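Visitor: Pasting target.cif here (mmCIF, C-alpha atoms):
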```
data_upload
loop_
_atom_site.label_atom_id
_atom_site.label_comp_id
_atom_site.auth_asym_id
_atom_site.auth_seq_id
_atom_site.Cartn_x
_atom_site.Cartn_y
_atom_site.Cartn_z
CA MET A 18 -10.71 -11.31 10.91
CA THR A 19 -9.67 -8.23 8.95
CA ASN A 20 -8.49 -10.09 5.85
CA SER A 21 -11.97 -10.18 4.37
CA LYS A 22 -12.35 -6.40 4.56
CA LYS A 23 -11.82 -4.12 1.57
CA LEU A 24 -8.22 -2.79 1.45
CA HIS A 25 -7.47 -4.57 4.72
CA GLU A 26 -3.77 -3.91 4.14
CA LEU A 27 -4.41 -0.27 5.09
CA ILE A 28 -6.00 -1.10 8.45
CA LEU A 29 -3.85 0.28 11.25
CA PRO A 30 -2.29 -2.09 13.81
CA VAL A 31 -4.65 -2.79 16.70
CA GLU A 32 -2.38 -0.92 19.13
CA GLU A 33 -2.73 2.29 17.13
CA ARG A 34 -6.49 1.88 16.78
CA ILE A 35 -6.84 1.42 20.54
CA LYS A 36 -4.90 4.64 21.13
CA GLU A 37 -7.16 6.52 18.73
CA VAL A 38 -10.29 5.23 20.49
CA GLU A 39 -8.83 6.25 23.86
CA GLN A 40 -8.10 9.73 22.52
CA PHE A 41 -11.64 10.03 21.17
CA LEU A 42 -13.19 9.01 24.49
CA LYS A 43 -11.02 11.49 26.39
CA GLU A 44 -12.15 14.28 24.10
CA ILE A 45 -15.81 13.30 24.60
CA ASP A 46 -15.61 13.04 28.39
CA PRO A 47 -12.33 12.71 30.32
CA THR A 48 -14.22 11.27 33.33
CA LEU A 49 -15.44 8.22 31.43
CA LYS A 50 -14.27 4.83 32.62
CA TYR A 51 -13.70 2.23 29.93
CA ASP A 52 -11.85 -0.94 29.05
CA ILE A 53 -10.72 -1.25 25.43
CA VAL A 54 -9.68 -4.76 24.44
CA PRO A 55 -8.53 -6.36 21.18
CA ILE A 56 -10.73 -9.18 19.88
CA SER A 57 -9.75 -12.27 17.94
CA ASP A 58 -13.26 -13.47 17.04
CA PRO A 59 -16.49 -11.73 15.97
CA PHE A 60 -17.93 -11.66 19.50
CA GLY A 61 -15.04 -10.74 21.77
CA PRO A 62 -15.91 -10.60 25.48
CA THR A 63 -19.65 -10.06 24.81
CA LYS A 64 -20.33 -13.79 24.79
CA SER A 65 -18.71 -14.49 28.15
CA ASP A 66 -18.47 -11.32 30.29
CA PRO A 67 -21.07 -11.50 33.12
CA ASP A 68 -20.75 -7.77 33.88
CA MET A 69 -22.07 -6.55 30.52
CA ASP A 70 -25.61 -5.19 30.25
CA MET A 71 -25.98 -3.79 26.72
CA ILE A 72 -24.58 -4.12 23.21
CA ILE A 73 -24.85 -1.38 20.57
CA VAL A 74 -25.40 -2.52 16.99
CA SER A 75 -26.46 -1.08 13.64
CA LYS A 76 -29.19 -2.34 11.36
CA GLU A 77 -26.51 -4.25 9.46
CA THR A 78 -25.10 -5.96 12.57
CA GLU A 79 -28.34 -6.50 14.51
CA ARG A 80 -28.30 -10.21 13.74
CA GLY A 81 -24.83 -10.33 15.32
CA GLY A 82 -26.26 -8.89 18.54
CA GLN A 83 -28.93 -11.58 18.56
CA LYS A 84 -26.24 -14.22 18.06
CA VAL A 85 -24.37 -12.84 21.07
CA ASN A 86 -27.44 -13.40 23.24
CA GLU A 87 -27.80 -16.94 21.92
CA LEU A 88 -24.21 -17.66 22.98
CA ARG A 89 -24.70 -15.99 26.38
CA LYS A 90 -27.77 -18.11 26.97
CA GLN A 91 -25.75 -21.23 26.15
CA ASN A 92 -23.12 -20.04 28.65
CA GLY A 93 -25.71 -19.52 31.38
CA LEU A 94 -25.47 -15.70 31.25
CA SER A 95 -28.20 -13.07 31.11
CA GLU A 96 -29.07 -11.63 27.72
CA LEU A 97 -27.85 -8.16 26.79
CA ASP A 98 -30.11 -5.27 25.91
CA ILE A 99 -29.65 -4.59 22.19
CA PHE A 100 -29.56 -0.91 21.24
CA CYS A 101 -29.77 -0.42 17.47
CA ILE A 102 -28.54 2.77 15.78
CA GLU A 103 -29.16 3.97 12.25
CA VAL A 104 -26.45 3.81 9.60
CA VAL A 105 -25.17 7.29 8.68
CA GLU A 106 -25.49 7.84 4.96
CA SER A 107 -22.52 9.10 2.96
CA GLU A 108 -22.79 11.80 0.33
CA ASP A 109 -19.63 10.55 -1.35
CA CYS A 110 -20.60 7.27 -2.97
CA GLN A 111 -20.33 8.12 -6.65
CA ASP A 112 -17.55 5.59 -7.22
CA GLU A 113 -18.67 2.04 -7.83
CA ILE A 114 -16.39 0.81 -5.06
CA LYS A 115 -17.69 3.08 -2.30
CA GLU A 116 -20.50 2.30 0.10
CA CYS A 117 -23.35 4.81 0.50
CA LYS A 118 -22.72 5.05 4.22
CA VAL A 119 -20.01 6.37 6.50
CA SER A 120 -17.60 3.47 6.90
CA SER A 121 -13.98 2.61 7.54
CA SER A 122 -13.85 0.99 4.08
CA ASN A 123 -14.62 4.35 2.47
CA GLN A 124 -11.95 5.99 4.59
CA ARG A 125 -9.38 3.47 3.37
CA ILE A 126 -10.41 4.05 -0.25
CA ASP A 127 -9.86 7.79 0.31
CA MET A 128 -6.33 7.06 1.53
CA LEU A 129 -5.29 5.79 -1.91
CA GLY A 130 -3.21 8.39 -3.72
CA THR A 131 -2.67 10.45 -0.55
CA ARG A 132 0.28 10.65 1.81
CA LEU A 133 0.34 7.89 4.39
CA ARG A 134 3.57 9.22 5.86
CA PRO A 135 5.94 12.11 5.00
CA PRO A 136 9.08 11.40 2.97
CA VAL A 137 12.38 11.02 4.81
CA LYS A 138 14.83 13.79 3.97
CA ARG A 139 17.68 12.36 1.87
CA ASP A 140 20.85 14.40 2.37
CA ASN A 141 22.58 12.26 -0.26
CA LEU A 142 20.21 13.48 -2.98
CA PRO A 143 19.96 16.88 -4.69
CA ASN A 144 16.65 18.70 -4.43
CA GLU A 145 16.26 18.49 -8.20
CA PRO A 146 15.31 16.43 -10.00
CA TYR A 147 12.80 14.96 -7.56
CA ILE A 148 13.07 11.17 -7.69
CA ILE A 149 10.09 8.96 -6.94
CA GLY A 150 10.54 5.21 -6.71
CA LEU A 151 7.45 3.35 -7.90
CA THR A 152 7.24 -0.29 -6.96
CA GLY A 153 4.70 -3.07 -6.70
CA GLY A 154 4.27 -6.78 -7.12
CA ILE A 155 3.83 -8.57 -10.41
CA GLY A 156 0.43 -7.81 -11.94
CA SER A 157 -0.15 -4.80 -9.69
CA GLY A 158 -0.46 -2.24 -12.50
CA LYS A 159 2.85 -0.36 -12.27
CA SER A 160 3.12 0.20 -16.03
CA ARG A 161 -0.41 1.58 -16.27
CA LEU A 162 0.32 4.08 -13.51
CA CYS A 163 3.60 5.11 -15.10
CA LYS A 164 1.86 5.89 -18.39
CA ARG A 165 -0.57 8.08 -16.47
CA PHE A 166 2.23 9.95 -14.69
CA GLU A 167 4.18 10.31 -17.92
CA ALA A 168 1.17 12.04 -19.45
CA MET A 169 1.15 14.40 -16.46
CA GLY A 170 4.78 15.36 -17.01
CA ALA A 171 6.96 12.84 -15.17
CA TYR A 172 10.03 11.27 -16.79
CA ILE A 173 9.81 7.48 -16.49
CA ILE A 174 12.71 5.04 -16.14
CA ASP A 175 11.54 1.43 -16.36
CA CYS A 176 14.20 -0.50 -14.47
CA ASP A 177 12.32 -3.77 -14.84
CA LYS A 178 12.66 -3.67 -18.63
CA VAL A 179 16.28 -2.55 -18.44
CA ALA A 180 17.06 -5.37 -16.03
CA HIS A 181 16.33 -8.05 -18.61
CA ASP A 182 19.07 -6.63 -20.83
CA ILE A 183 21.80 -5.77 -18.37
CA TYR A 184 21.68 -7.81 -15.17
CA GLU A 185 22.26 -11.35 -16.37
CA PRO A 186 25.66 -12.67 -17.44
CA GLY A 187 25.86 -13.11 -21.19
CA GLN A 188 23.20 -10.52 -21.95
CA VAL A 189 23.83 -7.70 -24.39
CA CYS A 190 24.72 -4.97 -21.88
CA TYR A 191 26.27 -7.09 -19.13
CA GLN A 192 29.92 -6.29 -19.88
CA LYS A 193 29.15 -2.68 -20.80
CA VAL A 194 27.65 -2.07 -17.37
CA ILE A 195 30.70 -3.60 -15.68
CA ASP A 196 33.01 -1.48 -17.83
CA ALA A 197 31.04 1.64 -16.93
CA PHE A 198 30.66 1.08 -13.19
CA GLY A 199 33.51 -1.24 -12.25
CA GLN A 200 34.05 -4.85 -11.29
CA ASP A 201 32.91 -4.12 -7.72
CA ILE A 202 29.27 -4.32 -8.77
CA VAL A 203 29.67 -8.03 -9.64
CA ASP A 204 28.83 -10.66 -7.03
CA PRO A 205 31.95 -12.87 -6.90
CA GLU A 206 29.91 -15.99 -6.09
CA THR A 207 27.24 -15.75 -8.79
CA SER A 208 29.00 -13.47 -11.34
CA LYS A 209 25.74 -11.51 -11.49
CA ILE A 210 25.48 -7.74 -11.20
CA ASP A 211 24.47 -6.78 -7.66
CA ARG A 212 21.55 -4.36 -7.99
CA ARG A 213 22.04 -3.07 -4.45
CA LYS A 214 25.53 -1.87 -5.42
CA LEU A 215 24.57 -0.59 -8.86
CA GLY A 216 21.66 1.61 -7.78
CA PRO A 217 23.56 3.94 -5.43
CA ILE A 218 26.32 4.42 -8.01
CA VAL A 219 23.90 5.47 -10.71
CA PHE A 220 21.90 7.86 -8.61
CA SER A 221 24.70 9.45 -6.59
CA ASP A 222 26.81 10.40 -9.62
CA PRO A 223 25.78 13.86 -10.89
CA THR A 224 27.05 13.08 -14.39
CA LYS A 225 24.64 10.16 -14.65
CA LEU A 226 21.78 12.53 -13.89
CA GLU A 227 22.93 15.38 -16.10
CA LEU A 228 20.56 14.50 -18.94
CA LEU A 229 17.66 14.64 -16.53
CA ASN A 230 18.40 18.03 -14.96
CA SER A 231 15.76 19.69 -17.09
CA ILE A 232 13.13 17.32 -15.70
CA LYS A 233 11.65 18.38 -12.37
CA VAL A 234 10.24 14.95 -11.46
CA PHE A 235 11.08 11.51 -12.65
CA ILE A 236 9.72 8.16 -11.61
CA LEU A 237 11.93 5.12 -11.26
CA GLU A 238 9.75 2.07 -11.88
CA ALA A 239 11.35 -0.96 -10.24
CA ALA A 240 9.76 -4.09 -8.82
CA VAL A 241 12.96 -4.71 -6.81
CA LEU A 242 13.16 -1.18 -5.38
CA LEU A 243 12.66 -2.26 -1.77
CA LYS A 244 14.41 -5.62 -1.96
CA GLY A 245 17.38 -3.95 -3.62
CA GLY A 246 17.58 -1.32 -0.87
CA TRP A 247 17.11 1.51 -3.38
CA GLU A 248 14.67 3.51 -1.24
CA THR A 249 17.63 5.51 0.08
CA GLU A 250 18.34 6.62 -3.48
CA VAL A 251 14.90 8.17 -4.08
CA HIS A 252 13.14 11.05 -2.37
CA GLU A 253 10.08 8.95 -1.67
CA VAL A 254 8.51 5.58 -2.42
CA TRP A 255 5.17 5.01 -4.10
CA SER A 256 3.70 1.54 -4.43
CA THR A 257 0.77 -0.08 -6.15
CA PHE A 258 -0.99 -3.26 -5.11
CA VAL A 259 -3.93 -5.53 -5.79
CA SER A 260 -5.29 -8.47 -3.86
CA PRO A 261 -3.39 -11.77 -4.28
CA LYS A 262 -6.50 -13.20 -5.96
CA GLU A 263 -6.58 -10.44 -8.57
CA ALA A 264 -2.80 -10.60 -9.08
CA THR A 265 -3.05 -14.36 -9.68
CA ARG A 266 -5.81 -13.88 -12.23
CA ARG A 267 -3.83 -11.22 -14.11
CA ILE A 268 -0.61 -13.25 -14.15
CA MET A 269 -2.37 -16.39 -15.36
CA GLU A 270 -4.02 -14.42 -18.16
CA ARG A 271 -1.02 -12.32 -19.19
CA ASN A 272 1.78 -14.87 -18.78
CA ASN A 273 -0.23 -17.99 -19.59
CA LEU A 274 0.77 -19.60 -16.30
CA SER A 275 -0.98 -22.17 -14.16
CA GLN A 276 -2.54 -20.97 -10.92
CA GLU A 277 0.16 -22.75 -8.93
CA ASP A 278 3.00 -21.06 -10.84
CA ALA A 279 1.31 -17.66 -10.60
CA GLU A 280 0.89 -18.01 -6.86
CA LYS A 281 4.55 -19.03 -6.48
CA ARG A 282 5.64 -15.80 -8.19
CA ILE A 283 3.46 -13.76 -5.87
CA GLN A 284 4.74 -15.56 -2.78
CA SER A 285 8.35 -14.83 -3.75
CA GLN A 286 7.71 -11.08 -3.39
CA TYR A 287 7.07 -8.80 -0.44
CA ASP A 288 3.48 -9.05 0.72
CA ASN A 289 1.25 -6.01 0.30
CA LYS A 290 1.30 -5.09 4.00
CA THR A 291 5.11 -4.97 4.14
CA MET A 292 5.32 -2.91 0.97
CA ILE A 293 2.69 -0.43 2.16
CA GLU A 294 4.47 0.05 5.49
CA ARG A 295 7.56 1.23 3.56
CA SER A 296 5.71 3.52 1.15
CA ASN A 297 4.76 7.19 1.29
CA ILE A 298 1.84 6.98 -1.14
CA VAL A 299 0.01 3.85 -2.27
CA PHE A 300 -2.38 3.01 -5.09
CA SER A 301 -4.64 0.10 -5.87
CA THR A 302 -5.47 -0.84 -9.45
CA GLU A 303 -8.02 -3.43 -8.33
CA TRP A 304 -10.92 -1.66 -10.03
CA ALA A 305 -11.73 0.31 -13.17
CA VAL A 306 -9.06 2.43 -14.90
CA GLU A 307 -10.97 5.61 -14.06
CA ILE A 308 -10.63 4.89 -10.34
CA THR A 309 -6.89 4.36 -10.67
CA ASP A 310 -6.60 7.62 -12.62
CA LYS A 311 -8.29 9.52 -9.78
CA GLN A 312 -5.72 8.13 -7.32
CA ALA A 313 -2.87 9.13 -9.64
CA ALA A 314 -4.29 12.64 -10.07
CA LYS A 315 -4.43 13.11 -6.28
CA ALA A 316 -0.82 12.01 -5.84
CA TRP A 317 0.42 14.17 -8.72
CA GLN A 318 -1.39 17.22 -7.36
CA THR A 319 0.35 16.67 -4.02
CA ILE A 320 3.74 16.69 -5.77
CA LYS A 321 2.86 19.77 -7.82
CA ASP A 322 1.78 21.66 -4.71
CA GLU A 323 4.84 20.66 -2.67
CA LEU A 324 7.38 21.33 -5.44
CA LYS A 325 5.47 24.37 -6.73
CA LEU A 326 5.41 23.02 -10.28
#
```
Represent the supplied structure as structure tokens.

Guide:
Amino acid sequence: MTNSKKLHELILPVEERIKEVEQFLKEIDPTLKYDIVPISDPFGPTKSDPDMDMIIVSKETERGGQKVNELRKQNGLSELDIFCIEVVESEDCQDEIKECKVSSSNQRIDMLGTRLRPPVKRDNLPNEPYIIGLTGGIGSGKSRLCKRFEAMGAYIIDCDKVAHDIYEPGQVCYQKVIDAFGQDIVDPETSKIDRRKLGPIVFSDPTKLELLNSIKVFILEAAVLLKGGWETEVHEVWSTFVSPKEATRRIMERNNLSQEDAEKRIQSQYDNKTMIERSNIVFSTEWAVEITDKQAAKAWQTIKDELKL
């Protein structure tokens, strides 16, 4: 039921939401008795529970309350009293994507560009430079974000562009990479360079980072960051995402692909939910550039404050 909601990927698991409701009720009145249940349809137990007397709705969901009573009547149950409350207006609805009311959708929008979870301390990494891994699916707007962060002062390494030159046998830099990092990085079965072996070598060798010591923050842009297991080689992971529908549209337009081929590319990647669960900060480029820029500015300010830049 949540898939139709805006930024549904950021909705907490039902178990966590139930705990938060329980905590709220305890703070209101610890003597209250209640039964919090997950629902798998729009009506939940309201359509069939004989012990219910009232349902609370808003002006927007009043028709839903009436539908509940229609179903109860069909099930031979008494109708519920419908108590309708007013929608609370929001003062923060300047953005075109925000609703002019207090809502969970607005709360999820506000989460973009902010910390969802603290970074894990990486004892294998020096404190400087601070390494951020930026990832995201095809068509999710990684390059646009990187340009924004570069303008703010980050040093950008685009691993996706580099990969086309160095990772495939026969490419220009293939043998040079093997000469530099050793035959151990080559998969003996495919003869391809194993990214999961290459990443740790590059980022654990101080000499490889020497040129970047003057840079306080750099961003490693890599679509394969999580699949390659590189998150242990960065201080934190940032990711960007758009809806599958929007990603399909962008890929079809940019790469001149059919809808079927575009969808196949998307399906071969991590889904948005999985990527978000492994990220510290997330962005969505679903809307206008100005909205993405606001998310980037929030994230960059967080880094500046924490690193005292």

Visitor: What residues come out when you apply the PyMOL selection byres ((chain A and resi 24-27) around 12) to this file, written as a CSV table (one decimal) with C-alpha atoms, keeping the file's coordinate frame?

Guide:
```csv
chain,number,residue,atom,x,y,z
A,18,MET,CA,-10.7,-11.3,10.9
A,19,THR,CA,-9.7,-8.2,9.0
A,20,ASN,CA,-8.5,-10.1,5.8
A,21,SER,CA,-12.0,-10.2,4.4
A,22,LYS,CA,-12.4,-6.4,4.6
A,23,LYS,CA,-11.8,-4.1,1.6
A,28,ILE,CA,-6.0,-1.1,8.4
A,29,LEU,CA,-3.8,0.3,11.2
A,30,PRO,CA,-2.3,-2.1,13.8
A,31,VAL,CA,-4.6,-2.8,16.7
A,114,ILE,CA,-16.4,0.8,-5.1
A,115,LYS,CA,-17.7,3.1,-2.3
A,121,SER,CA,-14.0,2.6,7.5
A,122,SER,CA,-13.8,1.0,4.1
A,123,ASN,CA,-14.6,4.4,2.5
A,124,GLN,CA,-12.0,6.0,4.6
A,125,ARG,CA,-9.4,3.5,3.4
A,126,ILE,CA,-10.4,4.0,-0.2
A,127,ASP,CA,-9.9,7.8,0.3
A,128,MET,CA,-6.3,7.1,1.5
A,129,LEU,CA,-5.3,5.8,-1.9
A,133,LEU,CA,0.3,7.9,4.4
A,257,THR,CA,0.8,-0.1,-6.2
A,258,PHE,CA,-1.0,-3.3,-5.1
A,259,VAL,CA,-3.9,-5.5,-5.8
A,260,SER,CA,-5.3,-8.5,-3.9
A,261,PRO,CA,-3.4,-11.8,-4.3
A,288,ASP,CA,3.5,-9.0,0.7
A,289,ASN,CA,1.2,-6.0,0.3
A,290,LYS,CA,1.3,-5.1,4.0
A,291,THR,CA,5.1,-5.0,4.1
A,292,MET,CA,5.3,-2.9,1.0
A,293,ILE,CA,2.7,-0.4,2.2
A,294,GLU,CA,4.5,0.0,5.5
A,296,SER,CA,5.7,3.5,1.2
A,298,ILE,CA,1.8,7.0,-1.1
A,299,VAL,CA,0.0,3.8,-2.3
A,300,PHE,CA,-2.4,3.0,-5.1
A,301,SER,CA,-4.6,0.1,-5.9
A,302,THR,CA,-5.5,-0.8,-9.4
A,303,GLU,CA,-8.0,-3.4,-8.3
A,304,TRP,CA,-10.9,-1.7,-10.0
```

Visitor: May I ask for the distance between CA of Leu151 in chain A and CA of Glu253 in chain A, given in Å to one decimal place?

Guide: 8.8 Å

Visitor: Please build the interface table for range 99-167 of chain A against range 280-284 of chain A with a cut-off of 12 Å, listing for each qualifying residue the nearest atom pair and the distance in Å to one decimal; count all atoms listed in the file, order rows by chain and increasing number, and write it as a Markdown table.

Guide:
```
| residue | atom | partner | partner_atom | distance |
| --- | --- | --- | --- | --- |
| A:Gly153 | CA | A:Ile283 | CA | 10.8 |
| A:Gly154 | CA | A:Ile283 | CA | 7.1 |
| A:Ile155 | CA | A:Ile283 | CA | 6.9 |
| A:Gly156 | CA | A:Ile283 | CA | 9.0 |
| A:Ser157 | CA | A:Ile283 | CA | 10.4 |
```

Visitor: As a PyMOL selection string, please: the residues near Ile73 in chain A (cut-off 12 Å, only C-alpha atoms, same-chain neighbours under 2 positions excluded).

Guide: chain A and resi 63+69-71+75-83+85+97-103

Visitor: Go through the shown structure with the PyMOL selection byres ((chain A and resi 53) around 10) and write out the matching residues as a count of residues only.

Guide: 9

Visitor: Report, in Å with one decimal, the straight-line distance from CA of Glu323 in chain A to CA of Leu162 in chain A.

Guide: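 Computing the Euclidean distance for CA of Glu323 in chain A and CA of Leu162 in chain A yields 20.3 Å.
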
Visitor: Take every atom of range 73-83 of chain A listed in the file, fit an axis-aligned box around them, add 3 Å per side, and give the centre and edge lengths in Å to one decimal as AutoDock Vina command-line options.

Guide:
```
--center_x -27.0 --center_y -6.3 --center_z 15.0 --size_x 10.4 --size_y 16.5 --size_z 17.1
```

Visitor: Which polymer residues have any atom within 8 Å of an atom of Val254 in chain A, counting only C-alpha atoms, with same-chain residues fewer than 5 positions away left out, as an MDAnalysis selection string?

Guide: chainID A and resid 136 149:152 248 295:298

Visitor: Go through range 243-314 of chain A and flag each residue having an atom no more than 10 Å from range 140-147 of chain A; for those, report the closest pair of atoms plus their distance in Å to one decimal, using only C-alpha atoms, ordered by chain and rising number, as a tab-separated table.

Guide:
```
residue	atom	partner	partner_atom	distance
A:Thr249	CA	A:Asn141	CA	8.4
A:Glu250	CA	A:Leu142	CA	7.1
A:Val251	CA	A:Leu142	CA	7.6
A:His252	CA	A:Tyr147	CA	6.5
A:Glu253	CA	A:Tyr147	CA	8.8
```

Visitor: Between CA of Lys159 in chain A and CA of Pro186 in chain A, what distance in Å does the model show, to one decimal?

Guide: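 CA of Pro186 in chain A lies 26.4 Å from CA of Lys159 in chain A.
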
Visitor: Could you give me, as a PyMOL selection string, the residues that sit within 6 Å of (12.9, -2.6, -11.8) in the file's coordinates, counting only C-alpha atoms?

Guide: chain A and resi 176-177+238-241
